[in-house]
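See below for final-v4.txt, which holds compact mmCIF, C-alpha atoms and all ligand atoms.
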# COMPACT_ATOMS: atom_id res chain seq x y z
CA MET A 1 0.00 0.00 0.00
CA GLY A 2 2.90 2.39 -0.66
CA GLN A 3 4.56 4.87 1.71
CA GLN A 4 4.41 4.60 5.49
CA VAL A 5 1.65 6.63 7.13
CA ASN A 6 1.86 7.79 10.75
CA VAL A 7 -1.43 7.87 12.64
CA GLY A 8 -2.45 9.82 15.74
CA VAL A 9 -5.64 8.66 17.45
CA VAL A 10 -8.02 10.91 19.38
CA GLY A 11 -10.50 8.91 21.48
CA CYS A 12 -9.45 5.65 23.15
CA GLY A 13 -12.84 4.19 24.14
CA ALA A 14 -14.65 0.95 23.31
CA ILE A 15 -13.89 0.77 19.58
CA SER A 16 -10.22 1.83 19.75
CA ALA A 17 -8.87 -1.67 20.54
CA GLN A 18 -10.12 -3.03 17.21
CA TYR A 19 -8.28 -0.26 15.33
CA PHE A 20 -5.08 -0.73 17.33
CA GLN A 21 -5.07 -4.47 16.53
CA THR A 22 -5.52 -3.83 12.79
CA ILE A 23 -2.95 -1.01 12.66
CA ASP A 24 -0.48 -3.27 14.48
CA ARG A 25 -0.56 -5.80 11.64
CA LEU A 26 -0.59 -3.32 8.73
CA PRO A 27 3.01 -2.88 7.56
CA HIS A 28 2.58 0.65 6.15
CA VAL A 29 0.53 2.18 8.98
CA ARG A 30 2.19 3.12 12.28
CA LEU A 31 0.48 4.33 15.44
CA VAL A 32 2.66 7.12 16.88
CA ALA A 33 0.48 8.95 19.44
CA VAL A 34 -2.90 8.78 21.16
CA ALA A 35 -4.99 11.33 23.07
CA ASP A 36 -8.20 11.26 25.08
CA LEU A 37 -9.97 13.52 27.56
CA ASP A 38 -9.23 10.67 29.96
CA LEU A 39 -5.46 10.12 29.74
CA ASP A 40 -5.57 7.03 31.98
CA ARG A 41 -7.95 5.43 29.50
CA ALA A 42 -5.56 6.30 26.66
CA ARG A 43 -2.57 4.83 28.58
CA GLU A 44 -4.48 1.62 29.29
CA ALA A 45 -5.64 1.32 25.65
CA VAL A 46 -2.10 1.39 24.19
CA ARG A 47 -0.42 -0.61 26.97
CA PRO A 48 0.03 -3.67 24.66
CA TYR A 49 1.84 -1.56 22.05
CA ALA A 50 5.40 -0.27 22.46
CA GLY A 51 6.52 3.22 21.47
CA VAL A 52 3.13 4.99 21.33
CA ASP A 53 3.08 8.44 22.98
CA VAL A 54 0.12 9.36 25.20
CA VAL A 55 -0.41 13.10 24.82
CA SER A 56 -3.01 15.90 25.02
CA VAL A 57 -5.19 16.60 21.98
CA ALA A 58 -3.28 19.85 21.36
CA GLU A 59 0.08 18.03 21.49
CA LEU A 60 -1.17 15.36 19.07
CA MET A 61 -2.35 18.01 16.62
CA ALA A 62 1.03 19.76 16.84
CA ASP A 63 3.07 16.55 16.39
CA PRO A 64 4.82 16.85 13.00
CA ARG A 65 5.09 13.04 12.74
CA VAL A 66 1.30 12.62 12.57
CA ASP A 67 0.08 12.40 8.94
CA VAL A 68 -3.50 11.32 9.66
CA VAL A 69 -5.67 11.96 12.71
CA LEU A 70 -7.92 8.97 13.39
CA ASN A 71 -10.97 10.43 15.13
CA LEU A 72 -12.55 7.82 17.45
CA THR A 73 -14.37 10.27 19.73
CA VAL A 74 -18.14 10.26 20.27
CA PRO A 75 -20.23 11.64 17.36
CA ALA A 76 -20.91 15.02 19.04
CA ALA A 77 -17.12 15.64 19.15
CA HIS A 78 -16.30 14.43 15.61
CA ALA A 79 -16.52 17.89 13.98
CA GLU A 80 -14.59 19.73 16.70
CA ILE A 81 -11.69 17.23 16.59
CA ALA A 82 -11.72 17.03 12.79
CA LEU A 83 -11.61 20.83 12.48
CA GLN A 84 -8.59 20.94 14.81
CA ALA A 85 -6.82 18.31 12.71
CA ILE A 86 -7.64 20.15 9.48
CA ALA A 87 -6.40 23.45 10.98
CA ALA A 88 -3.14 21.63 11.80
CA GLY A 89 -2.85 20.63 8.12
CA LYS A 90 -3.50 16.94 8.71
CA ASP A 91 -5.75 14.46 6.90
CA VAL A 92 -8.49 13.09 9.12
CA TYR A 93 -10.32 9.77 9.14
CA CYS A 94 -13.44 9.71 11.35
CA GLU A 95 -15.52 7.01 12.90
CA LYS A 96 -19.15 7.14 11.79
CA PRO A 97 -21.30 9.17 11.55
CA LEU A 98 -19.13 11.83 9.88
CA ALA A 99 -20.58 14.40 12.34
CA ALA A 100 -23.66 14.79 14.49
CA THR A 101 -25.30 17.11 11.93
CA VAL A 102 -25.06 17.82 8.20
CA ALA A 103 -24.18 21.44 9.04
CA ASP A 104 -21.16 20.33 11.11
CA ALA A 105 -20.12 17.83 8.44
CA GLY A 106 -20.37 20.57 5.79
CA ARG A 107 -18.05 22.77 7.86
CA MET A 108 -15.56 19.90 8.09
CA LEU A 109 -15.51 19.23 4.36
CA GLY A 110 -15.39 22.96 3.53
CA ALA A 111 -12.44 23.51 5.86
CA ALA A 112 -10.65 20.45 4.46
CA ASP A 113 -11.09 21.66 0.87
CA ALA A 114 -9.77 25.11 1.79
CA ALA A 115 -6.78 23.60 3.61
CA GLY A 116 -6.01 21.06 0.88
CA VAL A 117 -6.33 18.06 3.21
CA ARG A 118 -8.55 14.99 2.92
CA VAL A 119 -11.39 13.64 5.05
CA GLY A 120 -12.26 9.95 5.17
CA CYS A 121 -14.89 8.15 7.21
CA ALA A 122 -15.99 4.75 8.47
CA PRO A 123 -17.61 2.34 7.94
CA ASP A 124 -14.93 0.26 6.23
CA THR A 125 -16.82 -2.98 6.83
CA VAL A 126 -18.39 -2.48 3.38
CA LEU A 127 -14.91 -2.94 1.85
CA GLY A 128 -14.89 -6.52 3.16
CA THR A 129 -15.83 -9.67 1.28
CA GLY A 130 -19.55 -9.56 2.26
CA THR A 131 -20.74 -6.31 0.70
CA GLN A 132 -18.09 -6.44 -2.07
CA THR A 133 -19.09 -9.95 -3.23
CA ALA A 134 -22.74 -8.79 -3.32
CA ARG A 135 -21.74 -5.71 -5.27
CA LYS A 136 -19.84 -7.80 -7.82
CA ALA A 137 -22.88 -10.07 -8.24
CA ILE A 138 -25.11 -7.06 -8.93
CA ASP A 139 -22.56 -5.43 -11.28
CA ASP A 140 -22.12 -8.76 -13.12
CA GLY A 141 -25.90 -8.81 -13.76
CA LEU A 142 -26.64 -11.92 -11.68
CA ILE A 143 -30.05 -10.62 -10.50
CA GLY A 144 -30.74 -8.45 -13.52
CA ARG A 145 -31.82 -4.83 -13.10
CA PRO A 146 -32.23 -4.04 -9.37
CA ILE A 147 -35.76 -2.93 -8.50
CA ALA A 148 -35.99 -2.82 -4.71
CA ALA A 149 -34.11 -3.45 -1.48
CA THR A 150 -34.87 -3.90 2.21
CA ALA A 151 -32.58 -3.03 5.14
CA THR A 152 -33.47 -4.09 8.68
CA MET A 153 -31.62 -3.51 11.96
CA MET A 154 -33.52 -4.47 15.11
CA THR A 155 -32.02 -4.50 18.62
CA PRO A 156 -33.34 -3.55 22.06
CA GLY A 157 -30.47 -1.04 22.41
CA HIS A 158 -26.71 -0.77 22.98
CA GLU A 159 -27.10 0.33 26.64
CA ARG A 160 -27.30 -3.37 27.50
CA TRP A 161 -23.56 -3.87 26.71
CA HIS A 162 -21.83 -0.47 26.28
CA PRO A 163 -20.48 0.89 29.61
CA ASN A 164 -20.94 4.56 28.54
CA PRO A 165 -23.93 4.45 26.17
CA ASP A 166 -25.04 8.09 26.63
CA PHE A 167 -24.01 9.08 23.09
CA TYR A 168 -26.37 6.54 21.54
CA TYR A 169 -29.38 8.47 22.89
CA VAL A 170 -28.47 12.09 22.03
CA PRO A 171 -28.29 13.83 18.62
CA GLY A 172 -25.65 12.07 16.54
CA GLY A 173 -26.88 8.76 17.99
CA GLY A 174 -30.13 6.80 17.86
CA PRO A 175 -30.52 3.64 15.75
CA LEU A 176 -30.44 5.61 12.50
CA LEU A 177 -27.29 7.70 13.00
CA ASP A 178 -25.50 4.90 14.85
CA MET A 179 -26.31 1.86 12.70
CA GLY A 180 -27.69 3.59 9.57
CA PRO A 181 -24.17 4.42 8.28
CA TYR A 182 -23.42 0.68 7.84
CA TYR A 183 -26.66 -0.03 6.00
CA ILE A 184 -26.89 3.14 3.92
CA THR A 185 -23.19 3.05 2.97
CA SER A 186 -23.71 -0.56 1.86
CA LEU A 187 -26.86 0.40 -0.08
CA VAL A 188 -25.07 3.29 -1.83
CA THR A 189 -22.16 0.94 -2.61
CA LEU A 190 -24.58 -1.61 -4.08
CA LEU A 191 -27.20 0.63 -5.69
CA GLY A 192 -25.85 4.19 -5.94
CA PRO A 193 -26.87 7.49 -4.34
CA VAL A 194 -30.29 8.50 -3.01
CA THR A 195 -32.42 11.38 -4.34
CA THR A 196 -35.54 11.40 -2.12
CA VAL A 197 -36.56 10.01 1.28
CA ILE A 198 -39.88 9.48 3.07
CA GLY A 199 -39.64 8.73 6.80
CA ALA A 200 -41.62 7.89 9.95
CA ALA A 201 -40.19 7.59 13.46
CA SER A 202 -41.11 7.02 17.10
CA ARG A 203 -39.57 7.20 20.58
CA THR A 204 -40.83 4.63 23.07
CA ARG A 205 -39.19 5.65 26.39
CA ALA A 206 -37.72 8.86 27.80
CA LYS A 207 -34.98 6.98 29.69
CA ARG A 208 -32.75 3.92 29.28
CA THR A 209 -30.95 1.90 31.95
CA ILE A 210 -27.24 1.08 31.61
CA GLY A 211 -26.81 -2.70 31.70
CA SER A 212 -23.04 -3.18 32.20
CA GLY A 213 -19.88 -1.70 33.70
CA PRO A 214 -19.38 0.61 36.69
CA ARG A 215 -22.50 2.67 35.86
CA ARG A 216 -24.79 -0.40 35.65
CA GLY A 217 -28.33 0.52 36.78
CA GLU A 218 -27.91 4.26 36.06
CA GLU A 219 -30.67 5.86 33.97
CA ILE A 220 -29.75 8.04 30.99
CA PRO A 221 -32.02 10.42 29.04
CA VAL A 222 -33.26 9.67 25.52
CA THR A 223 -33.53 12.72 23.23
CA VAL A 224 -33.63 10.98 19.84
CA ASP A 225 -36.06 8.76 17.92
CA THR A 226 -35.46 5.09 18.72
CA HIS A 227 -37.47 3.46 15.90
CA VAL A 228 -36.95 4.91 12.44
CA THR A 229 -38.44 3.61 9.23
CA GLY A 230 -38.74 4.91 5.69
CA VAL A 231 -38.21 4.63 1.98
CA LEU A 232 -35.08 5.71 0.10
CA VAL A 233 -35.53 6.49 -3.59
CA HIS A 234 -32.21 5.85 -5.33
CA GLU A 235 -31.17 7.85 -8.40
CA SER A 236 -31.32 4.56 -10.34
CA GLY A 237 -35.01 4.21 -9.47
CA VAL A 238 -34.46 1.42 -6.91
CA LEU A 239 -36.71 1.76 -3.84
CA THR A 240 -35.21 0.73 -0.49
CA THR A 241 -37.42 0.11 2.56
CA LEU A 242 -35.41 0.75 5.74
CA VAL A 243 -36.08 -0.11 9.41
CA MET A 244 -33.53 0.91 12.10
CA SER A 245 -34.65 0.24 15.65
CA PHE A 246 -33.41 0.24 19.24
CA ASP A 247 -36.93 -0.85 20.26
CA GLY A 248 -37.37 -4.29 18.70
CA VAL A 249 -36.31 -7.41 20.60
CA ALA A 250 -35.26 -9.59 17.66
CA THR A 251 -35.80 -10.15 13.94
CA LYS A 252 -35.51 -12.96 11.39
CA SER A 253 -35.31 -10.50 8.49
CA PRO A 254 -32.00 -10.48 6.63
CA ASN A 255 -29.89 -7.35 7.22
CA ILE A 256 -30.18 -6.39 3.55
CA GLU A 257 -31.96 -7.95 0.55
CA VAL A 258 -31.74 -6.69 -3.02
CA HIS A 259 -34.41 -7.73 -5.51
CA GLY A 260 -33.76 -7.61 -9.25
CA GLU A 261 -35.74 -8.55 -12.36
CA LYS A 262 -34.01 -11.96 -12.56
CA GLY A 263 -33.32 -12.82 -8.94
CA SER A 264 -32.99 -11.83 -5.29
CA LEU A 265 -29.83 -11.43 -3.22
CA VAL A 266 -29.25 -11.62 0.54
CA VAL A 267 -26.42 -9.26 1.50
CA PRO A 268 -24.60 -10.06 4.76
CA ASP A 269 -24.46 -7.82 7.85
CA PRO A 270 -22.88 -4.50 6.77
CA ASN A 271 -21.50 -4.11 10.32
CA ARG A 272 -19.21 -7.08 9.51
CA PHE A 273 -16.50 -7.46 6.88
CA ASP A 274 -17.43 -11.02 5.92
CA GLY A 275 -20.55 -13.17 5.62
CA SER A 276 -22.30 -15.27 3.05
CA VAL A 277 -24.06 -13.78 0.02
CA LEU A 278 -27.13 -15.80 -1.01
CA VAL A 279 -28.91 -15.72 -4.33
CA SER A 280 -32.21 -17.09 -5.55
CA GLY A 281 -32.63 -16.84 -9.31
CA MET A 282 -36.00 -16.77 -11.06
CA GLY A 283 -37.26 -20.38 -11.24
CA GLU A 284 -34.67 -21.70 -8.74
CA GLU A 285 -35.67 -23.56 -5.54
CA GLY A 286 -34.39 -21.90 -2.37
CA TRP A 287 -31.11 -20.04 -1.97
CA ARG A 288 -27.50 -20.81 -2.92
CA ALA A 289 -24.38 -19.23 -1.44
CA LEU A 290 -22.05 -17.37 -3.81
CA PRO A 291 -18.31 -17.96 -3.54
CA GLU A 292 -16.39 -15.03 -2.05
CA ALA A 293 -15.31 -13.01 -5.08
CA ALA A 294 -14.30 -9.50 -4.01
CA GLY A 295 -13.27 -7.36 -1.04
CA TYR A 296 -10.55 -7.30 1.63
CA VAL A 297 -10.14 -10.80 3.08
CA GLU A 298 -9.95 -11.28 6.88
CA ALA A 299 -10.19 -7.52 7.33
CA GLY A 300 -10.68 -5.59 10.56
CA ARG A 301 -11.61 -2.02 11.48
CA GLY A 302 -8.76 0.11 10.15
CA VAL A 303 -8.49 -1.31 6.60
CA GLY A 304 -10.52 1.69 5.42
CA LEU A 305 -7.97 4.00 7.03
CA ALA A 306 -5.14 2.17 5.23
CA ASP A 307 -7.12 2.24 1.95
CA PHE A 308 -7.74 5.99 2.47
CA ALA A 309 -4.11 6.73 3.29
CA SER A 310 -2.86 4.84 0.24
CA THR A 311 -5.26 6.45 -2.26
CA PRO A 312 -3.14 8.33 -4.81
CA ALA A 313 -3.53 12.13 -4.94
CA GLY A 314 -6.26 13.10 -7.40
CA GLU A 315 -8.24 9.89 -6.88
CA THR A 316 -11.33 9.74 -4.63
CA ALA A 317 -10.84 7.39 -1.69
CA ARG A 318 -13.40 4.62 -1.27
CA THR A 319 -14.11 5.97 2.21
CA ASP A 320 -14.14 9.60 1.07
CA GLY A 321 -15.97 12.18 3.17
CA SER A 322 -18.32 12.91 0.25
CA LEU A 323 -19.84 9.43 0.65
CA ALA A 324 -20.19 9.81 4.44
CA PHE A 325 -21.66 13.29 3.94
CA HIS A 326 -24.28 11.93 1.54
CA VAL A 327 -25.13 9.11 3.96
CA LEU A 328 -25.50 11.62 6.83
CA ASP A 329 -27.65 13.84 4.62
CA VAL A 330 -29.93 10.86 3.81
CA MET A 331 -30.27 10.06 7.54
CA GLU A 332 -30.93 13.62 8.67
CA SER A 333 -33.45 14.07 5.84
CA LEU A 334 -35.21 10.84 6.82
CA LEU A 335 -35.69 12.22 10.35
CA ALA A 336 -36.81 15.60 8.94
CA SER A 337 -39.33 13.80 6.76
CA ALA A 338 -40.56 11.77 9.75
CA HIS A 339 -41.21 14.99 11.67
CA SER A 340 -42.72 17.02 8.81
CA GLY A 341 -44.70 14.21 7.20
CA ALA A 342 -43.41 15.24 3.77
CA ALA A 343 -40.93 13.65 1.39
CA VAL A 344 -37.49 15.33 1.40
CA THR A 345 -35.31 15.82 -1.67
CA ILE A 346 -31.65 14.97 -1.06
CA THR A 347 -29.46 17.77 -2.36
CA SER A 348 -26.10 16.04 -1.89
CA THR A 349 -24.85 13.16 -3.98
CA CYS A 350 -21.69 11.08 -4.36
CA ALA A 351 -20.09 8.63 -6.72
CA ARG A 352 -20.44 4.91 -6.02
CA PRO A 353 -17.12 4.06 -4.37
CA ARG A 354 -14.71 2.05 -6.53
CA PRO A 355 -15.07 -1.75 -6.06
CA VAL A 356 -12.43 -3.67 -4.10
CA ASP A 357 -10.68 -6.59 -5.82
CA HIS A 358 -10.46 -9.84 -3.90
CA MET A 359 -7.32 -9.21 -1.83
CA ARG A 360 -5.61 -9.63 1.51
N1 LIG A 401 -18.46 0.81 20.42
C1 LIG A 401 -18.60 0.25 19.25
O1 LIG A 401 -18.87 -0.98 19.13
C2 LIG A 401 -18.46 1.04 17.99
C3 LIG A 401 -18.44 0.33 16.78
C4 LIG A 401 -18.23 1.01 15.59
C5 LIG A 401 -18.09 2.37 15.61
N2 LIG A 401 -18.16 3.07 16.78
C6 LIG A 401 -18.01 4.54 16.70
O2 LIG A 401 -16.77 4.88 17.30
C7 LIG A 401 -16.88 6.15 17.94
C8 LIG A 401 -16.49 5.97 19.39
O3 LIG A 401 -17.33 5.00 19.98
P1 LIG A 401 -16.90 4.25 21.32
O4 LIG A 401 -17.91 3.20 21.53
O5 LIG A 401 -15.46 3.90 21.28
O6 LIG A 401 -17.17 5.45 22.37
P2 LIG A 401 -16.57 5.61 23.85
O7 LIG A 401 -17.44 6.56 24.56
O8 LIG A 401 -16.31 4.26 24.43
O9 LIG A 401 -15.14 6.28 23.58
C9 LIG A 401 -15.00 7.60 23.09
C10 LIG A 401 -13.73 8.19 23.68
O10 LIG A 401 -13.53 9.50 23.13
C11 LIG A 401 -13.10 10.35 24.17
N3 LIG A 401 -13.48 11.72 23.80
C12 LIG A 401 -14.71 12.23 23.66
N4 LIG A 401 -14.65 13.53 23.32
C13 LIG A 401 -13.35 13.85 23.25
C14 LIG A 401 -12.65 15.04 22.94
N5 LIG A 401 -13.29 16.17 22.64
N6 LIG A 401 -11.29 15.02 22.97
C15 LIG A 401 -10.62 13.87 23.27
N7 LIG A 401 -11.24 12.70 23.56
C16 LIG A 401 -12.58 12.70 23.55
C17 LIG A 401 -13.81 9.84 25.41
O11 LIG A 401 -13.15 10.27 26.58
C18 LIG A 401 -13.78 8.33 25.20
O12 LIG A 401 -12.65 7.72 25.77
C19 LIG A 401 -18.33 6.61 17.74
O13 LIG A 401 -18.39 7.47 16.63
C20 LIG A 401 -19.07 5.32 17.46
O14 LIG A 401 -20.20 5.53 16.64
C21 LIG A 401 -18.31 2.43 17.97
Here is the file; what I need is its structure written in the form of structure tokens.
Ligand SMILES: NC(=O)c1ccc[n+]([C@@H]2O[C@H](COP(=O)([O-])OP(=O)(O)OC[C@H]3O[C@@H](n4cnc5c(N)ncnc54)[C@H](O)[C@@H]3O)[C@@H](O)[C@H]2O)c1
Amino acid sequence: MGQQVNVGVVGCGAISAQYFQTIDRLPHVRLVAVADLDLDRAREAVRPYAGVDVVSVAELMADPRVDVVLNLTVPAAHAEIALQAIAAGKDVYCEKPLAATVADAGRMLGAADAAGVRVGCAPDTVLGTGTQTARKAIDDGLIGRPIAATATMMTPGHERWHPNPDFYYVPGGGPLLDMGPYYITSLVTLLGPVTTVIGAASRTRAKRTIGSGPRRGEEIPVTVDTHVTGVLVHESGVLTTLVMSFDGVATKSPNIEVHGEKGSLVVPDPNRFDGSVLVSGMGEEGWRALPEAAGYVEAGRGVGLADFASTPAGETARTDGSLAFHVLDVMESLLASAHSGAAVTITSTCARPRPVDHMR
């Protein structure tokens, strides 16, 4: 993947360990420094790795060795940290969603353009073999012209397992902004950008109870919709029906299905890199699994950062901020539609990210 890239991480919470493990095994990516509001947490997070400096956010931004700031803070802090990185002349790669609001995300991308630096964003799971094999099947014409898709995420809520789940229940969180990026990024990868959305949403309880860790039993406020449903009209004419919920107990619906004129496809969980793609062609009995045919093999969170960092100048990264901005715009518009009762036209767009060959 070319030249070595030095990474500085801001935010050493629950997800950071997965990134540190991936970065550790990527030959061209080196973790040089980490920062967090809680320096003890940062120290603990990088204890298994030698030679990583634990510093303040300001020191990390000023560190001339840092090429890319990996922003693993909570969604409400994504824009603030990204803007600091951009002001320091560094590329930034953010966890999802790109920011808590489209307005904040727009400021990030505007500042990055003006400074001549790049913004990338998770999820990178869609670069794995699951979504990429499904994409290849669609592009190869296996199910004919795509007509419709469904996307379903149903869980009783992350407060059952996350020790600090507050951010899931404030703006920037909720089932749509938290899990929607996986599903909608996968749908845009498979079917292209979205032009119109129609939404409906509900909020079942004003409080949630933390189910694990030192704060177990503590109640936290809910200020976002916890069941969001709607229709996405893709530019291609495909209609996606979407359900994202922190209120349902369980589901037997596949994460994503795509229906074409000649067949139907089950797309694996977009929150994972791998998984089996199933197809049922017109006239066939049942479903058959497709052989893995595309995508990063045995990937982990962080491959998108490496892919971003190795994208040649002048080429759009697969995890480019324009894709994450469009996905955030779709989500915010879906909530706006749910509250107004009217369809919302999506003003942003993006290119379908380039496919990933089958590679390690
Ligand atoms: N937990 C998961 O399973 C998971 C999975 C995929 C993606 N994500 C995404 O990763 C991001 C982080 O999630 P998490 O679960 O690790 O959250 P977390 O709350 O466990 O960790 C966030 C960390 O960021 C630090 N932080 C917050 N604001 C900061 C600031 N202004 N300056 C410096 N540090 C700051 C906090 O102190 C904390 O240590 C979110 O965007 C989330 O959507 C989380």
Which of A:Gly89, A:Gly263, A:Gly172, A:Gly11 sits closest to ligand LIG 401 (chain A) [using only C-alpha atoms and all ligand atoms]: A:Gly11
All residues having an atom within 8 Å of ligand LIG 401 (chain A) (all atoms listed in the file) as JSON, numbers by chain: {"A": [10, 11, 12, 13, 14, 15, 16, 35, 36, 37, 38, 41, 42, 57, 71, 72, 73, 74, 75, 76, 77, 78, 80, 81, 94, 95, 96, 97, 122, 123, 162, 163, 164, 165, 167, 168, 173, 178]}
Could the residues in this selection be written to a file with C-alpha atoms, as a PDB file, in the coordinates of the input?
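Here's the written file again.pdb:
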ATOM      1  CA  VAL A  10      -8.020  10.910  19.380  1.00  0.00           C
ATOM      2  CA  GLY A  11     -10.500   8.910  21.480  1.00  0.00           C
ATOM      3  CA  CYS A  12      -9.450   5.650  23.150  1.00  0.00           C
ATOM      4  CA  GLY A  13     -12.840   4.190  24.140  1.00  0.00           C
ATOM      5  CA  ALA A  14     -14.650   0.950  23.310  1.00  0.00           C
ATOM      6  CA  ILE A  15     -13.890   0.770  19.580  1.00  0.00           C
ATOM      7  CA  SER A  16     -10.220   1.830  19.750  1.00  0.00           C
ATOM      8  CA  ALA A  35      -4.990  11.330  23.070  1.00  0.00           C
ATOM      9  CA  ASP A  36      -8.200  11.260  25.080  1.00  0.00           C
ATOM     10  CA  LEU A  37      -9.970  13.520  27.560  1.00  0.00           C
ATOM     11  CA  ASP A  38      -9.230  10.670  29.960  1.00  0.00           C
ATOM     12  CA  ARG A  41      -7.950   5.430  29.500  1.00  0.00           C
ATOM     13  CA  ALA A  42      -5.560   6.300  26.660  1.00  0.00           C
ATOM     14  CA  VAL A  57      -5.190  16.600  21.980  1.00  0.00           C
ATOM     15  CA  ASN A  71     -10.970  10.430  15.130  1.00  0.00           C
ATOM     16  CA  LEU A  72     -12.550   7.820  17.450  1.00  0.00           C
ATOM     17  CA  THR A  73     -14.370  10.270  19.730  1.00  0.00           C
ATOM     18  CA  VAL A  74     -18.140  10.260  20.270  1.00  0.00           C
ATOM     19  CA  PRO A  75     -20.230  11.640  17.360  1.00  0.00           C
ATOM     20  CA  ALA A  76     -20.910  15.020  19.040  1.00  0.00           C
ATOM     21  CA  ALA A  77     -17.120  15.640  19.150  1.00  0.00           C
ATOM     22  CA  HIS A  78     -16.300  14.430  15.610  1.00  0.00           C
ATOM     23  CA  GLU A  80     -14.590  19.730  16.700  1.00  0.00           C
ATOM     24  CA  ILE A  81     -11.690  17.230  16.590  1.00  0.00           C
ATOM     25  CA  CYS A  94     -13.440   9.710  11.350  1.00  0.00           C
ATOM     26  CA  GLU A  95     -15.520   7.010  12.900  1.00  0.00           C
ATOM     27  CA  LYS A  96     -19.150   7.140  11.790  1.00  0.00           C
ATOM     28  CA  PRO A  97     -21.300   9.170  11.550  1.00  0.00           C
ATOM     29  CA  ALA A 122     -15.990   4.750   8.470  1.00  0.00           C
ATOM     30  CA  PRO A 123     -17.610   2.340   7.940  1.00  0.00           C
ATOM     31  CA  HIS A 162     -21.830  -0.470  26.280  1.00  0.00           C
ATOM     32  CA  PRO A 163     -20.480   0.890  29.610  1.00  0.00           C
ATOM     33  CA  ASN A 164     -20.940   4.560  28.540  1.00  0.00           C
ATOM     34  CA  PRO A 165     -23.930   4.450  26.170  1.00  0.00           C
ATOM     35  CA  PHE A 167     -24.010   9.080  23.090  1.00  0.00           C
ATOM     36  CA  TYR A 168     -26.370   6.540  21.540  1.00  0.00           C
ATOM     37  CA  GLY A 173     -26.880   8.760  17.990  1.00  0.00           C
ATOM     38  CA  ASP A 178     -25.500   4.900  14.850  1.00  0.00           C
TER      39      ASP A 178
END
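With distances taken over all atoms listed in the file, A:Ala299 is the one residue among A:Ala299, A:Val330, A:Ala33, A:Ala87 lying closest to Gly130 (chain A).
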Which centre and edge lengths in Å to one decimal define the box along x, y and z that fits every listed atom of region 318-327 of chain A plus 3 Å per side, as lines of an AutoDock Vina configuration file?
center_x = -19.3
center_y = 9.0
center_z = 1.6
size_x = 17.7
size_y = 14.7
size_z = 11.7
Surrounding residues of Gly157 (chain A) excluding itself and chain neighbours under 5 positions, 9 Å, all atoms listed in the file, as a list in words: Tyr168, Pro175, Arg208, Thr226, Ser245, Phe246, Asp247, Gly248 and Val249 of chain A
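One distance worth recording is that between CA of Arg360 (chain A) and CA of His326 (chain A), which is 28.5 Å.
Distances here use only C-alpha atoms; by that measure, the residue among A:Arg145, A:His339, A:Arg43, A:Arg318 closest to Val258 (chain A) is A:Arg145.
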Residue neighbourhood Val233 (chain A), 7 Å, all atoms listed in the file, exclusion window fewer than 6 positions, as a list in words: Val194, Thr195, Thr196, Val197, Leu239 and Thr240 of chain A
Shell of 7 Å around region 301-313 of chain A, all atoms listed in the file, local chain residues under 6 positions omitted, as a PyMOL selection string: chain A and resi 1-2+5+18-19+22-23+29+93+120+122+124+319
Nearest to Arg118 (chain A), chosen from A:Thr316, A:Gln84, A:Ser348, A:Ser340, with only C-alpha atoms counted in the distances: A:Thr316
Selected residue, from A:Asp91, A:Asp139, A:Glu292, A:Glu298, that lies nearest to Asp113 (chain A) when counting all atoms listed in the file: A:Asp91
d(CA of Ala105 (chain A), CA of Leu83 (chain A)) in Å: 9.9 Å
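Across the model, the gap from CA of Asn6 (chain A) to CA of His28 (chain A) is 8.5 Å.
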How about completing region 191-197 of chain A with N, CA, C and O atoms and giving it to me as an mmCIF file, keeping the file's coordinate frame?
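Result file follows (selection.cif):
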data_model
loop_
_atom_site.group_PDB
_atom_site.id
_atom_site.type_symbol
_atom_site.label_atom_id
_atom_site.label_comp_id
_atom_site.auth_asym_id
_atom_site.auth_seq_id
_atom_site.Cartn_x
_atom_site.Cartn_y
_atom_site.Cartn_z
ATOM 1 N N LEU A 191 -26.123 0.132 -4.822
ATOM 2 C CA LEU A 191 -27.200 0.630 -5.690
ATOM 3 C C LEU A 191 -27.081 2.100 -6.082
ATOM 4 O O LEU A 191 -27.915 2.611 -6.808
ATOM 5 N N GLY A 192 -26.062 2.782 -5.581
ATOM 6 C CA GLY A 192 -25.850 4.190 -5.940
ATOM 7 C C GLY A 192 -26.569 5.154 -5.026
ATOM 8 O O GLY A 192 -27.288 4.756 -4.099
ATOM 9 N N PRO A 193 -26.374 6.463 -5.266
ATOM 10 C CA PRO A 193 -26.870 7.490 -4.340
ATOM 11 C C PRO A 193 -28.392 7.604 -4.305
ATOM 12 O O PRO A 193 -29.093 7.023 -5.131
ATOM 13 N N VAL A 194 -28.859 8.359 -3.317
ATOM 14 C CA VAL A 194 -30.290 8.500 -3.010
ATOM 15 C C VAL A 194 -30.735 9.919 -3.370
ATOM 16 O O VAL A 194 -30.007 10.878 -3.115
ATOM 17 N N THR A 195 -31.941 10.038 -3.941
ATOM 18 C CA THR A 195 -32.420 11.380 -4.340
ATOM 19 C C THR A 195 -33.581 11.886 -3.495
ATOM 20 O O THR A 195 -33.795 13.088 -3.409
ATOM 21 N N THR A 196 -34.378 10.991 -2.906
ATOM 22 C CA THR A 196 -35.540 11.400 -2.120
ATOM 23 C C THR A 196 -35.738 10.423 -0.973
ATOM 24 O O THR A 196 -35.460 9.229 -1.135
ATOM 25 N N VAL A 197 -36.216 10.925 0.184
ATOM 26 C CA VAL A 197 -36.560 10.010 1.280
ATOM 27 C C VAL A 197 -37.935 10.358 1.853
ATOM 28 O O VAL A 197 -38.369 11.506 1.813
#
